[in-house]
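Raw contents of query_25.txt, compact mmCIF, C-alpha atoms and all ligand atoms:
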# COMPACT_ATOMS: atom_id res chain seq x y z
CA MET A 1 13.60 -59.45 41.34
CA ASN A 2 13.09 -55.69 41.36
CA ILE A 3 12.97 -53.54 44.44
CA THR A 4 9.37 -52.53 45.02
CA LYS A 5 6.95 -52.24 47.93
CA ASP A 6 7.19 -55.21 50.31
CA THR A 7 10.56 -56.49 49.23
CA VAL A 8 13.45 -56.96 51.65
CA VAL A 9 16.63 -55.31 50.41
CA THR A 10 20.04 -56.31 51.77
CA LEU A 11 22.61 -53.63 51.09
CA THR A 12 25.76 -51.99 52.27
CA PHE A 13 25.92 -48.24 52.55
CA ARG A 14 28.73 -45.85 53.21
CA ALA A 15 27.72 -42.39 54.42
CA VAL A 16 29.84 -39.24 54.51
CA ASP A 17 28.89 -35.68 55.46
CA GLU A 18 29.81 -32.56 53.47
CA GLN A 19 33.14 -32.28 55.30
CA GLY A 20 34.01 -35.81 54.14
CA LYS A 21 33.64 -37.28 57.62
CA VAL A 22 32.69 -40.98 57.41
CA LEU A 23 29.52 -41.59 59.41
CA GLU A 24 28.98 -45.19 58.37
CA ASP A 25 31.74 -47.30 56.84
CA GLY A 26 29.51 -49.60 54.82
CA LYS A 27 31.21 -52.81 55.87
CA GLU A 28 28.24 -54.39 57.64
CA PRO A 29 25.32 -55.41 55.40
CA ARG A 30 21.86 -54.26 56.52
CA ALA A 31 18.45 -55.50 55.49
CA TYR A 32 15.38 -53.28 55.39
CA LEU A 33 11.75 -53.59 54.35
CA HIS A 34 11.19 -51.38 51.31
CA GLY A 35 8.00 -49.39 50.74
CA GLY A 36 7.67 -46.44 53.08
CA TYR A 37 7.92 -48.30 56.40
CA GLY A 38 10.40 -45.77 57.72
CA ASN A 39 13.18 -48.39 57.88
CA THR A 40 15.52 -46.21 55.87
CA LEU A 41 15.62 -42.66 54.51
CA PRO A 42 13.03 -41.77 51.84
CA GLY A 43 15.87 -40.52 49.58
CA ILE A 44 17.51 -43.96 49.71
CA GLU A 45 14.22 -45.72 48.95
CA SER A 46 13.61 -43.56 45.89
CA ALA A 47 17.18 -44.15 44.60
CA LEU A 48 16.64 -47.91 44.82
CA GLU A 49 13.03 -48.20 43.64
CA GLY A 50 12.78 -50.59 40.66
CA ARG A 51 16.47 -51.61 40.84
CA GLU A 52 17.89 -55.13 41.17
CA LYS A 53 20.55 -57.12 43.03
CA GLY A 54 24.01 -55.83 42.08
CA PHE A 55 22.87 -52.22 41.59
CA ALA A 56 25.30 -49.66 43.00
CA THR A 57 24.90 -45.91 43.16
CA THR A 58 25.95 -42.78 44.98
CA VAL A 59 23.25 -40.36 46.10
CA LYS A 60 23.61 -36.93 47.62
CA LEU A 61 20.74 -36.13 49.95
CA PRO A 62 19.87 -32.63 51.12
CA PRO A 63 18.71 -32.36 54.75
CA ALA A 64 15.01 -32.53 53.73
CA GLN A 65 15.58 -36.01 52.27
CA ALA A 66 17.89 -37.13 55.04
CA PHE A 67 17.49 -36.17 58.71
CA GLY A 68 15.62 -32.90 58.22
CA ASP A 69 16.52 -29.28 58.67
CA ARG A 70 17.66 -28.06 62.05
CA ASP A 71 14.84 -26.72 64.22
CA ASP A 72 16.04 -23.98 66.55
CA THR A 73 12.98 -24.35 68.77
CA LEU A 74 14.44 -27.71 69.85
CA VAL A 75 17.43 -25.96 71.40
CA THR A 76 16.81 -25.28 75.06
CA SER A 77 18.51 -25.14 78.43
CA ILE A 78 17.63 -26.30 81.91
CA SER A 79 19.09 -25.72 85.31
CA LYS A 80 21.76 -28.24 86.32
CA LYS A 81 19.93 -29.00 89.57
CA ASP A 82 16.92 -30.27 87.54
CA PHE A 83 19.13 -32.63 85.60
CA PRO A 84 19.86 -36.27 86.55
CA PRO A 85 23.28 -36.67 88.25
CA GLY A 86 26.31 -37.38 86.07
CA VAL A 87 25.43 -34.92 83.30
CA LYS A 88 28.10 -34.85 80.57
CA VAL A 89 28.46 -33.15 77.21
CA GLY A 90 27.33 -35.66 74.58
CA GLY A 91 24.95 -37.38 77.00
CA GLN A 92 21.31 -37.87 76.08
CA LEU A 93 18.06 -37.24 77.87
CA GLU A 94 14.55 -38.16 76.89
CA GLY A 95 11.90 -35.53 77.27
CA SER A 96 8.95 -34.10 75.38
CA ASP A 97 8.69 -31.06 73.17
CA ASP A 98 6.01 -28.36 73.61
CA GLN A 99 3.49 -30.52 71.68
CA GLY A 100 4.11 -33.39 74.09
CA ARG A 101 5.94 -35.51 71.53
CA ARG A 102 8.75 -37.75 72.76
CA GLN A 103 12.10 -36.25 71.92
CA VAL A 104 15.71 -37.20 72.59
CA PHE A 105 17.87 -34.25 73.64
CA THR A 106 21.65 -34.24 73.47
CA VAL A 107 23.68 -32.22 75.99
CA THR A 108 25.73 -29.79 73.90
CA LYS A 109 27.26 -27.57 76.57
CA ILE A 110 27.34 -27.03 80.31
CA LYS A 111 27.72 -23.38 81.24
CA GLY A 112 27.75 -22.62 84.95
CA ASP A 113 24.40 -23.77 86.29
CA GLN A 114 22.83 -24.18 82.84
CA VAL A 115 22.74 -27.38 80.80
CA MET A 116 22.28 -26.65 77.09
CA LEU A 117 20.20 -29.23 75.22
CA ASP A 118 19.59 -29.84 71.54
CA GLY A 119 16.65 -31.98 70.43
CA ASN A 120 17.69 -32.05 66.77
CA HIS A 121 18.94 -35.29 65.25
CA PRO A 122 22.77 -35.11 65.29
CA LEU A 123 22.68 -35.27 61.47
CA ALA A 124 19.90 -32.70 61.02
CA GLY A 125 20.80 -29.91 58.61
CA LYS A 126 23.54 -31.96 56.96
CA HIS A 127 23.97 -32.81 53.30
CA LEU A 128 24.90 -36.48 53.23
CA THR A 129 26.41 -38.62 50.48
CA PHE A 130 25.52 -42.30 50.47
CA THR A 131 27.26 -44.99 48.44
CA LEU A 132 24.82 -47.87 48.16
CA LYS A 133 25.31 -51.42 46.95
CA VAL A 134 22.40 -53.86 46.68
CA LEU A 135 23.48 -57.36 47.74
CA ASP A 136 20.10 -59.09 47.64
CA VAL A 137 16.39 -58.52 46.99
CA ARG A 138 13.64 -60.92 48.07
CA ALA A 139 9.91 -60.83 48.72
CA ALA A 140 9.03 -59.96 52.32
CA SER A 141 7.13 -62.53 54.41
CA ALA A 142 3.63 -61.75 55.70
CA GLU A 143 5.12 -61.53 59.19
CA GLU A 144 7.72 -58.96 58.11
CA ILE A 145 5.01 -56.84 56.46
CA ALA A 146 2.87 -57.08 59.63
CA HIS A 147 5.83 -56.02 61.78
CA GLY A 148 6.94 -53.31 59.34
CA HIS A 149 10.60 -54.41 59.29
CA ALA A 150 12.93 -57.07 57.89
CA HIS A 151 13.81 -60.25 59.78
CA GLY A 152 16.65 -62.68 59.16
CA ASP A 153 20.42 -62.35 58.90
CA HIS A 154 20.79 -58.58 58.64
CA GLY A 155 17.37 -57.53 59.93
CA GLU A 156 15.66 -57.56 63.32
CA HIS A 157 16.24 -60.48 65.69
CA HIS A 158 13.40 -61.16 68.07
ZN ZN A 201 9.51 -58.35 63.62
Show me, as structure tokens, the structure contained in the file I just sent.
Amino acid sequence: MNITKDTVVTLTFRAVDEQGKVLEDGKEPRAYLHGGYGNTLPGIESALEGREKGFATTVKLPPAQAFGDRDDTLVTSISKKDFPPGVKVGGQLEGSDDQGRRQVFTVTKIKGDQVMLDGNHPLAGKHLTFTLKVLDVRAASAEEIAHGHAHGDHGEHH
């Protein structure tokens, strides 16, 4: 069976950034619903489109095909007194951006009374290399298509 819209793909993927840092070791198989459901990166979907079980490849994705470019308008700071207690570098806070969209901010620095926040995805602006191996391809069930994600062994459990 070929990978096409509304198939469930089980794969392993190893991801490294441009400094060679391993972000995902690729040991745990994952299943995703193929076909633009946002279950995986568009650059991974296009590398696998039309392929079959057993296919293996390495793809290098620029930020635009991975987690996007960094957006400096998502870097902000707030006063420590307005922040929930227990603020730590690396901690996360949910807020909204100036268009009212939900956004997760990561605390990057605490300087005196100011807490510096970054709403970019931690991998934004990075060139990532993925090593992909397709373990299985099957047709998605009607329920999976309705939910927009894969169920079963390596998919969603609910
Ligand atoms: Zn579901």
Q: All residues within 8 Å of ligand ZN 201 (chain A) are required, counting only C-alpha atoms and all ligand atoms; please report them as a count of residues only.
A: 11
With 12 Å as the cut-off and only C-alpha atoms counted, what is the closest atom pair between each nearby residue of range 46-155 of chain A and range 19-26 of chain A? Distances in Å to one decimal, ordered by chain and number, as CSV.
residue,atom,partner,partner_atom,distance
A:Pro122,CA,A:Leu23,CA,11.1
A:Leu123,CA,A:Leu23,CA,9.5
A:Lys126,CA,A:Gln19,CA,9.7
A:His127,CA,A:Gln19,CA,9.4
A:Leu128,CA,A:Gly20,CA,9.2
A:Thr129,CA,A:Gly20,CA,8.9
A:Phe130,CA,A:Glu24,CA,9.1
A:Thr131,CA,A:Gly26,CA,8.2
A:Leu132,CA,A:Gly26,CA,8.3
A:Lys133,CA,A:Gly26,CA,9.1
A:Val134,CA,A:Gly26,CA,11.6
**Q.** Atom pair CA of Val107 in chain A / CA of Gly95 in chain A: separation (Å)
**A.**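 Computing the Euclidean distance for CA of Val107 in chain A and CA of Gly95 in chain A yields 12.3 Å.
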Q | Contact residues around range 71-85 of chain A with only C-alpha atoms at 8 Å, ignoring same-chain residues under 2 positions, as a PyMOL selection string | A | chain A and resi 69+87+97+113-120
Dump C-alpha atoms for the selected residues as an mmCIF file, in the frame of the given file?
data_model
loop_
_atom_site.group_PDB
_atom_site.id
_atom_site.type_symbol
_atom_site.label_atom_id
_atom_site.label_comp_id
_atom_site.auth_asym_id
_atom_site.auth_seq_id
_atom_site.Cartn_x
_atom_site.Cartn_y
_atom_site.Cartn_z
ATOM 1 C CA ASP A 69 16.520 -29.280 58.670
ATOM 2 C CA VAL A 87 25.430 -34.920 83.300
ATOM 3 C CA ASP A 97 8.690 -31.060 73.170
ATOM 4 C CA ASP A 113 24.400 -23.770 86.290
ATOM 5 C CA GLN A 114 22.830 -24.180 82.840
ATOM 6 C CA VAL A 115 22.740 -27.380 80.800
ATOM 7 C CA MET A 116 22.280 -26.650 77.090
ATOM 8 C CA LEU A 117 20.200 -29.230 75.220
ATOM 9 C CA ASP A 118 19.590 -29.840 71.540
ATOM 10 C CA GLY A 119 16.650 -31.980 70.430
ATOM 11 C CA ASN A 120 17.690 -32.050 66.770
#
Q) Near range 41-44 of chain A, counting only C-alpha atoms, which residues have an atom at most 12 Å away, once you skip same-chain residues fewer than 3 positions from it, shown as a PyMOL selection string? A) chain A and resi 3+9+11-15+32-38+47-49+51+56-68+127-134
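Taking CA of Gly155 in chain A and CA of Asp17 in chain A as endpoints, the distance between them is 25.1 Å.
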**Q.** Point-to-point distance in Å for CA of Glu45 in chain A and CA of Lys5 in chain A
**A.**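 If I compute the distance from CA of Lys5 in chain A to CA of Glu45 in chain A, I get 9.8 Å.
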Q: For Lys53 in chain A, please output as a ChimeraX atom specification all residues within 7 Å (counting only C-alpha atoms; exclusion window: fewer than 3 positions along the same chain).
A: /A:134-137
Now that the selection is made, can you save its residues with C-alpha atoms as a PDB file, in the frame of the given file?
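And here is the file that came out, selection_4.pdb:
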ATOM      1  CA  VAL A 134      22.400 -53.860  46.680  1.00  0.00           C
ATOM      2  CA  LEU A 135      23.480 -57.360  47.740  1.00  0.00           C
ATOM      3  CA  ASP A 136      20.100 -59.090  47.640  1.00  0.00           C
ATOM      4  CA  VAL A 137      16.390 -58.520  46.990  1.00  0.00           C
TER       5      VAL A 137
END
Edge lengths and centre, in Å to one decimal, as lines of an AutoDock Vina configuration file: that's what I need for the box along x, y and z that holds all listed atoms of range 10-17 of chain A plus 3 Å on each side.
center_x = 24.9
center_y = -46.0
center_z = 53.3
size_x = 15.8
size_y = 26.6
size_z = 10.4
Q: Find the residue from A:Thr10, A:Ser96, A:Gln103, A:Thr108 that sits nearest to Glu52 in chain A; use only C-alpha atoms when measuring.
A: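 Looking only at the distances to Glu52 in chain A, the closest residue turns out to be A:Thr10.
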Repaired coordinates for range 84-106 of chain A (N, CA, C and O atoms) as a CSV table (one decimal), keeping the file's coordinate frame:
chain,number,residue,atom,x,y,z
A,84,PRO,N,19.4,-35.1,85.8
A,84,PRO,CA,19.9,-36.3,86.6
A,84,PRO,C,21.4,-36.2,86.8
A,84,PRO,O,22.1,-35.5,86.1
A,85,PRO,N,21.8,-36.7,87.9
A,85,PRO,CA,23.3,-36.7,88.2
A,85,PRO,C,24.1,-37.3,87.1
A,85,PRO,O,23.7,-38.1,86.4
A,86,GLY,N,25.4,-36.8,87.0
A,86,GLY,CA,26.3,-37.4,86.1
A,86,GLY,C,26.2,-36.8,84.7
A,86,GLY,O,26.6,-37.4,83.7
A,87,VAL,N,25.6,-35.6,84.6
A,87,VAL,CA,25.4,-34.9,83.3
A,87,VAL,C,26.8,-34.6,82.6
A,87,VAL,O,27.7,-34.2,83.3
A,88,LYS,N,26.9,-35.0,81.3
A,88,LYS,CA,28.1,-34.8,80.6
A,88,LYS,C,27.7,-34.3,79.2
A,88,LYS,O,26.7,-34.7,78.6
A,89,VAL,N,28.6,-33.6,78.6
A,89,VAL,CA,28.5,-33.2,77.2
A,89,VAL,C,28.5,-34.4,76.3
A,89,VAL,O,29.3,-35.3,76.5
A,90,GLY,N,27.5,-34.5,75.4
A,90,GLY,CA,27.3,-35.7,74.6
A,90,GLY,C,26.3,-36.7,75.1
A,90,GLY,O,25.9,-37.6,74.4
A,91,GLY,N,25.9,-36.5,76.4
A,91,GLY,CA,25.0,-37.4,77.0
A,91,GLY,C,23.6,-37.1,76.4
A,91,GLY,O,23.3,-36.0,75.9
A,92,GLN,N,22.7,-38.1,76.6
A,92,GLN,CA,21.3,-37.9,76.1
A,92,GLN,C,20.3,-38.0,77.2
A,92,GLN,O,20.5,-38.7,78.2
A,93,LEU,N,19.2,-37.3,76.9
A,93,LEU,CA,18.1,-37.2,77.9
A,93,LEU,C,16.8,-37.3,77.1
A,93,LEU,O,16.6,-36.7,76.0
A,94,GLU,N,15.8,-38.1,77.6
A,94,GLU,CA,14.6,-38.2,76.9
A,94,GLU,C,13.6,-37.2,77.5
A,94,GLU,O,13.5,-37.2,78.8
A,95,GLY,N,12.9,-36.4,76.7
A,95,GLY,CA,11.9,-35.5,77.3
A,95,GLY,C,10.8,-35.4,76.3
A,95,GLY,O,10.6,-36.2,75.4
A,96,SER,N,10.0,-34.3,76.4
A,96,SER,CA,9.0,-34.1,75.4
A,96,SER,C,9.0,-32.6,74.9
A,96,SER,O,9.5,-31.8,75.7
A,97,ASP,N,8.7,-32.4,73.7
A,97,ASP,CA,8.7,-31.1,73.2
A,97,ASP,C,7.4,-30.4,73.6
A,97,ASP,O,6.6,-30.9,74.3
A,98,ASP,N,7.2,-29.1,73.1
A,98,ASP,CA,6.0,-28.4,73.6
A,98,ASP,C,4.7,-28.9,73.1
A,98,ASP,O,3.6,-28.5,73.6
A,99,GLN,N,4.7,-29.8,72.1
A,99,GLN,CA,3.5,-30.5,71.7
A,99,GLN,C,3.3,-31.9,72.4
A,99,GLN,O,2.4,-32.7,72.0
A,100,GLY,N,4.2,-32.2,73.3
A,100,GLY,CA,4.1,-33.4,74.1
A,100,GLY,C,4.7,-34.6,73.4
A,100,GLY,O,4.5,-35.7,73.8
A,101,ARG,N,5.3,-34.4,72.2
A,101,ARG,CA,5.9,-35.5,71.5
A,101,ARG,C,7.2,-35.9,72.2
A,101,ARG,O,8.0,-35.1,72.7
A,102,ARG,N,7.5,-37.2,72.2
A,102,ARG,CA,8.8,-37.8,72.8
A,102,ARG,C,9.9,-37.3,71.9
A,102,ARG,O,9.9,-37.3,70.7
A,103,GLN,N,11.0,-36.9,72.6
A,103,GLN,CA,12.1,-36.2,71.9
A,103,GLN,C,13.4,-36.6,72.7
A,103,GLN,O,13.4,-36.5,73.9
A,104,VAL,N,14.4,-36.9,72.0
A,104,VAL,CA,15.7,-37.2,72.6
A,104,VAL,C,16.6,-35.9,72.5
A,104,VAL,O,16.7,-35.4,71.4
A,105,PHE,N,17.0,-35.4,73.6
A,105,PHE,CA,17.9,-34.2,73.6
A,105,PHE,C,19.3,-34.6,73.9
A,105,PHE,O,19.6,-35.5,74.8
A,106,THR,N,20.2,-34.0,73.2
A,106,THR,CA,21.6,-34.2,73.5
A,106,THR,C,22.2,-33.0,74.2
A,106,THR,O,21.9,-31.9,73.9
